[in-house]
Amino acid sequence: MFPKPQDKHRESWGFSISTTLAALQAFSDNNAIATWRSFSIRRQSGDVMRLILLGPPGSGKGTQAKLLCQRLGLCHFSTGDILREAVRNGTSAGCKAQTIMAAGQLVPDDIVNEIVAGRFRNHDRPERFVMDGYPRTLAQALAFDDVLKSQSLDLTAVVSLVLDDAEVVRRLGGRWSCPKPTCMATYHMVTKPPKKPGICDECQTPLVQREDDREETIRNRLAVFHGQNDGLANHYRGQGLLREIAGHGDIEDVYAKIIEVIASKRGQDL
Ligand code: AMP
């Protein structure tokens, strides 16, 4: 559920096999420039790259976090995924979270903060990461500041994906995913349909719609987001970390904009 950093043992300057493969991949991808930039950042970045993705549900935080994880070797830290796993496993946090999540409300700060703080206290704590869905409230942001401070970890940037409500409803209403824990592939009935209707391309498991992706619940989730987002954004704006980018359009275009932000925050001329 919580991947370890994939590129911890990179040589100090020479190319490792994984970075060389990433470079070769750059020439076969549609958006070669963004991928090349990923490669270039990855080669130059040392071990320091820590991002938070903000944005409404359905703005693409999860999709972008997965790409950043694959291409830059960052840990993808999704509190939504962790909580869904806790629900599946029937842990005490999962039992408390289940009905709250199904209603599109926020799980109490203390439960989520403890999940995150616990992972960062571990000996294999994430060093290079992208946070997807955390923090979601000002109280969580303050708690996360304390966790990072206690671990002597600085954030590189906080990227806010901006998307209007109508587009959120359109996107989430068509979202289906594979429920198999080792797969979790995601589809969209309009923009990324599976080859066989209702069946996962990867593992042939019947697809499901998340309980909280039904229209009424999406409206609740949006209301919750709008109630929290200004405080959160102002907090990171005050720290000079916030960058807002348009979340609509092609996945690779959004990815390229995130890479631009990272490059500019790192003062690199890529
Ligand atoms: P997500 O997959 O990020 O859309 O999260 C799904 C659901 O999990 C949310 O609607 C919340 O109920 C819960 N959740 C995830 N992350 C948090 C968080 N940081 N704080 C509170 N609830 C959360």
# chains A, B, ... in the order shown; residues from 1 in each chain; ligands from 1
call {"tool": "residues_near_ligand", "arguments": {"ligand": "ligand 1", "cutoff": "7 Å", "atoms": "only C-alpha atoms and all ligand atoms", "output": "VMD selection string"}}
result
chain A and resid 57 78 to 81 83 100 to 101 104 to 109 112 132 to 136 221
call {"tool": "residues_around", "arguments": {"residues": "A:Arg214", "least_positions_apart": "6", "cutoff": "12 Å", "atoms": "only C-alpha atoms", "output": "list of chain:residue names"}}
result
A:Ala102, A:Ala103, A:Gly104, A:Val168, A:Val169, A:Arg170, A:Arg171, A:Leu172, A:Gly173, A:Gly174, A:Arg175, A:Trp176, A:Val208, A:Asn220, A:Arg221
call {"tool": "select_by_dssp", "arguments": {"residues": "stretch 97-223 of chain A", "states": "alpha helix (DSSP H)", "output": "JSON, numbers by chain"}}
result
{"A": [97, 98, 99, 100, 101, 102, 109, 110, 111, 112, 113, 114, 115, 116, 117, 118, 119, 120, 121, 138, 139, 140, 141, 142, 143, 144, 145, 146, 147, 148, 149, 150, 165, 166, 167, 168, 169, 170, 171, 172, 173, 215, 216, 217, 218, 219, 220, 221, 222, 223]}
call {"tool": "write_last_selection", "arguments": {"atoms": "N, CA and C atoms", "output": "short mmCIF file (atom, residue, chain, number, x, y, z; two decimals), in the first residue's frame"}}
result
data_model
loop_
_atom_site.label_atom_id
_atom_site.label_comp_id
_atom_site.auth_asym_id
_atom_site.auth_seq_id
_atom_site.Cartn_x
_atom_site.Cartn_y
_atom_site.Cartn_z
N ALA A 97 -14.01 5.10 10.12
CA ALA A 97 -14.02 5.93 8.90
C ALA A 97 -15.12 5.54 7.91
N GLN A 98 -15.57 4.29 7.97
CA GLN A 98 -16.39 3.74 6.88
C GLN A 98 -17.62 4.59 6.53
N THR A 99 -18.47 4.85 7.52
CA THR A 99 -19.71 5.57 7.19
C THR A 99 -19.42 7.03 6.85
N ILE A 100 -18.39 7.58 7.47
CA ILE A 100 -18.03 8.98 7.19
C ILE A 100 -17.60 9.10 5.72
N MET A 101 -16.78 8.16 5.28
CA MET A 101 -16.30 8.20 3.89
C MET A 101 -17.44 7.99 2.92
N ALA A 102 -18.32 7.06 3.24
CA ALA A 102 -19.43 6.77 2.33
C ALA A 102 -20.33 8.00 2.16
N ASP A 109 -9.76 14.71 12.08
CA ASP A 109 -8.34 15.06 11.94
C ASP A 109 -7.43 14.15 12.76
N ASP A 110 -7.84 13.84 14.02
CA ASP A 110 -6.91 13.09 14.87
C ASP A 110 -6.62 11.71 14.29
N ILE A 111 -7.62 11.08 13.67
CA ILE A 111 -7.40 9.74 13.08
C ILE A 111 -6.42 9.84 11.91
N VAL A 112 -6.67 10.80 11.02
CA VAL A 112 -5.83 10.90 9.83
C VAL A 112 -4.42 11.38 10.21
N ASN A 113 -4.36 12.35 11.13
CA ASN A 113 -3.04 12.84 11.55
C ASN A 113 -2.21 11.72 12.15
N GLU A 114 -2.85 10.84 12.91
CA GLU A 114 -2.10 9.75 13.54
C GLU A 114 -1.60 8.76 12.49
N ILE A 115 -2.43 8.49 11.48
CA ILE A 115 -1.99 7.60 10.40
C ILE A 115 -0.73 8.17 9.74
N VAL A 116 -0.78 9.46 9.44
CA VAL A 116 0.35 10.07 8.73
C VAL A 116 1.59 10.14 9.65
N ALA A 117 1.38 10.63 10.87
CA ALA A 117 2.53 10.77 11.78
C ALA A 117 3.18 9.41 12.02
N GLY A 118 2.34 8.37 12.13
CA GLY A 118 2.87 7.01 12.37
C GLY A 118 3.79 6.58 11.24
N ARG A 119 3.37 6.85 9.99
CA ARG A 119 4.21 6.46 8.84
C ARG A 119 5.53 7.23 8.84
N PHE A 120 5.46 8.50 9.25
CA PHE A 120 6.69 9.30 9.22
C PHE A 120 7.60 8.98 10.40
N ARG A 121 7.03 8.36 11.45
CA ARG A 121 7.89 7.97 12.58
C ARG A 121 8.62 6.67 12.30
N LEU A 138 -6.93 22.89 7.70
CA LEU A 138 -5.84 23.68 8.26
C LEU A 138 -5.22 22.96 9.46
N ALA A 139 -6.08 22.32 10.27
CA ALA A 139 -5.55 21.60 11.44
C ALA A 139 -4.60 20.48 11.00
N GLN A 140 -4.93 19.80 9.90
CA GLN A 140 -4.04 18.75 9.40
C GLN A 140 -2.73 19.36 8.88
N ALA A 141 -2.85 20.53 8.22
CA ALA A 141 -1.63 21.17 7.70
C ALA A 141 -0.70 21.54 8.86
N LEU A 142 -1.29 22.04 9.94
CA LEU A 142 -0.46 22.43 11.09
C LEU A 142 0.19 21.19 11.72
N ALA A 143 -0.60 20.12 11.82
CA ALA A 143 -0.04 18.87 12.37
C ALA A 143 1.06 18.33 11.46
N PHE A 144 0.85 18.44 10.15
CA PHE A 144 1.87 17.93 9.22
C PHE A 144 3.14 18.78 9.30
N ASP A 145 2.97 20.10 9.46
CA ASP A 145 4.14 20.97 9.66
C ASP A 145 4.99 20.45 10.83
N ASP A 146 4.30 20.10 11.93
CA ASP A 146 5.03 19.61 13.11
C ASP A 146 5.75 18.31 12.82
N VAL A 147 5.06 17.40 12.09
CA VAL A 147 5.68 16.11 11.75
C VAL A 147 6.94 16.36 10.92
N LEU A 148 6.81 17.21 9.90
CA LEU A 148 7.96 17.46 9.02
C LEU A 148 9.10 18.12 9.79
N LYS A 149 8.72 19.05 10.68
CA LYS A 149 9.75 19.74 11.46
C LYS A 149 10.49 18.74 12.35
N SER A 150 9.71 17.86 12.99
CA SER A 150 10.35 16.91 13.90
C SER A 150 11.25 15.93 13.15
N ASP A 165 -16.50 23.03 -10.49
CA ASP A 165 -17.36 21.98 -9.92
C ASP A 165 -18.04 21.12 -10.99
N ALA A 166 -18.48 21.76 -12.08
CA ALA A 166 -19.19 21.00 -13.12
C ALA A 166 -18.28 19.92 -13.70
N GLU A 167 -17.03 20.28 -13.89
CA GLU A 167 -16.08 19.31 -14.44
C GLU A 167 -15.80 18.18 -13.43
N VAL A 168 -15.76 18.54 -12.14
CA VAL A 168 -15.57 17.51 -11.11
C VAL A 168 -16.70 16.49 -11.17
N VAL A 169 -17.94 16.98 -11.25
CA VAL A 169 -19.09 16.08 -11.27
C VAL A 169 -19.03 15.19 -12.52
N ARG A 170 -18.68 15.80 -13.65
CA ARG A 170 -18.60 15.03 -14.90
C ARG A 170 -17.53 13.94 -14.79
N ARG A 171 -16.39 14.33 -14.24
CA ARG A 171 -15.28 13.36 -14.14
C ARG A 171 -15.60 12.22 -13.18
N LEU A 172 -16.04 12.59 -11.97
CA LEU A 172 -16.21 11.55 -10.94
C LEU A 172 -17.39 10.65 -11.24
N GLY A 173 -18.43 11.24 -11.88
CA GLY A 173 -19.61 10.44 -12.20
C GLY A 173 -19.27 9.29 -13.14
N GLU A 215 -23.52 10.88 -7.48
CA GLU A 215 -23.62 12.34 -7.64
C GLU A 215 -23.89 13.11 -6.34
N GLU A 216 -24.83 12.60 -5.51
CA GLU A 216 -25.17 13.34 -4.29
C GLU A 216 -23.95 13.43 -3.35
N THR A 217 -23.20 12.32 -3.30
CA THR A 217 -22.02 12.32 -2.43
C THR A 217 -20.93 13.21 -2.99
N ILE A 218 -20.83 13.25 -4.32
CA ILE A 218 -19.83 14.14 -4.94
C ILE A 218 -20.12 15.58 -4.52
N ARG A 219 -21.42 15.96 -4.51
CA ARG A 219 -21.79 17.34 -4.11
C ARG A 219 -21.36 17.59 -2.66
N ASN A 220 -21.55 16.60 -1.78
CA ASN A 220 -21.09 16.76 -0.38
C ASN A 220 -19.58 16.94 -0.32
N ARG A 221 -18.88 16.13 -1.09
CA ARG A 221 -17.41 16.19 -1.06
C ARG A 221 -16.93 17.55 -1.56
N LEU A 222 -17.63 18.09 -2.57
CA LEU A 222 -17.25 19.41 -3.08
C LEU A 222 -17.51 20.49 -2.04
N ALA A 223 -18.65 20.38 -1.33
CA ALA A 223 -18.96 21.37 -0.30
C ALA A 223 -17.89 21.31 0.79
#
call {"tool": "select_by_dssp", "arguments": {"residues": "stretch 41-213 of chain A", "states": "strand (DSSP E)", "output": "list in words"}}
result
Arg50, Leu51, Ile52, Leu53, Leu54, Cys75, His76, Phe77, Ser78, Phe129, Val130, Met131, Asp132, Ala157, Val158, Val159, Ser160, Leu161, Val162, Arg175, Trp176, Ser177, Thr186, Tyr187 and His188 of chain A
call {"tool": "closest_atom_pairs", "arguments": {"of": "stretch 71-163 of chain A", "to": "stretch 237-243 of chain A", "cutoff": "8 Å", "atoms": "only C-alpha atoms", "output": "tab-separated table"}}
result
residue	atom	partner	partner_atom	distance
A:Leu155	CA	A:Leu241	CA	7.8
A:Thr156	CA	A:Leu241	CA	7.3
A:Ala157	CA	A:Leu241	CA	4.9
A:Val158	CA	A:Leu242	CA	4.8
A:Val159	CA	A:Arg243	CA	5.0
A:Ser160	CA	A:Arg243	CA	6.1
call {"tool": "write_last_selection", "arguments": {"atoms": "C-alpha atoms", "output": "short mmCIF file (atom, residue, chain, number, x, y, z; two decimals), in the first residue's frame"}}
result
data_model
loop_
_atom_site.label_atom_id
_atom_site.label_comp_id
_atom_site.auth_asym_id
_atom_site.auth_seq_id
_atom_site.Cartn_x
_atom_site.Cartn_y
_atom_site.Cartn_z
CA LEU A 155 8.58 20.72 1.49
CA THR A 156 9.58 21.53 -2.10
CA ALA A 157 6.18 22.81 -3.29
CA VAL A 158 2.43 22.65 -2.77
CA VAL A 159 0.64 22.34 -6.11
CA SER A 160 -3.05 23.18 -6.22
#
call {"tool": "closest_atom_pairs", "arguments": {"of": "stretch 81-181 of chain A", "to": "stretch 245-258 of chain A", "cutoff": "7 Å", "atoms": "only C-alpha atoms", "output": "tab-separated table"}}
result
residue	atom	partner	partner_atom	distance
A:Ser160	CA	A:Ile245	CA	6.2
A:Leu161	CA	A:Gly247	CA	4.7
A:Val162	CA	A:Ala246	CA	4.9
A:Leu163	CA	A:Gly247	CA	5.3
call {"tool": "write_last_selection", "arguments": {"atoms": "N, CA and C atoms", "output": "PDB file, in the first residue's frame"}}
result
ATOM      1  N   SER A 160      -1.597  23.235  -6.299  1.00  0.00           N
ATOM      2  CA  SER A 160      -3.052  23.177  -6.220  1.00  0.00           C
ATOM      3  C   SER A 160      -3.618  23.030  -7.637  1.00  0.00           C
ATOM      4  N   LEU A 161      -4.344  21.929  -7.867  1.00  0.00           N
ATOM      5  CA  LEU A 161      -4.955  21.682  -9.176  1.00  0.00           C
ATOM      6  C   LEU A 161      -6.337  22.328  -9.177  1.00  0.00           C
ATOM      7  N   VAL A 162      -6.532  23.309 -10.044  1.00  0.00           N
ATOM      8  CA  VAL A 162      -7.785  24.081 -10.039  1.00  0.00           C
ATOM      9  C   VAL A 162      -8.745  23.519 -11.093  1.00  0.00           C
ATOM     10  N   LEU A 163      -9.960  23.210 -10.650  1.00  0.00           N
ATOM     11  CA  LEU A 163     -10.959  22.619 -11.556  1.00  0.00           C
ATOM     12  C   LEU A 163     -12.342  23.065 -11.107  1.00  0.00           C
TER      13      LEU A 163
END
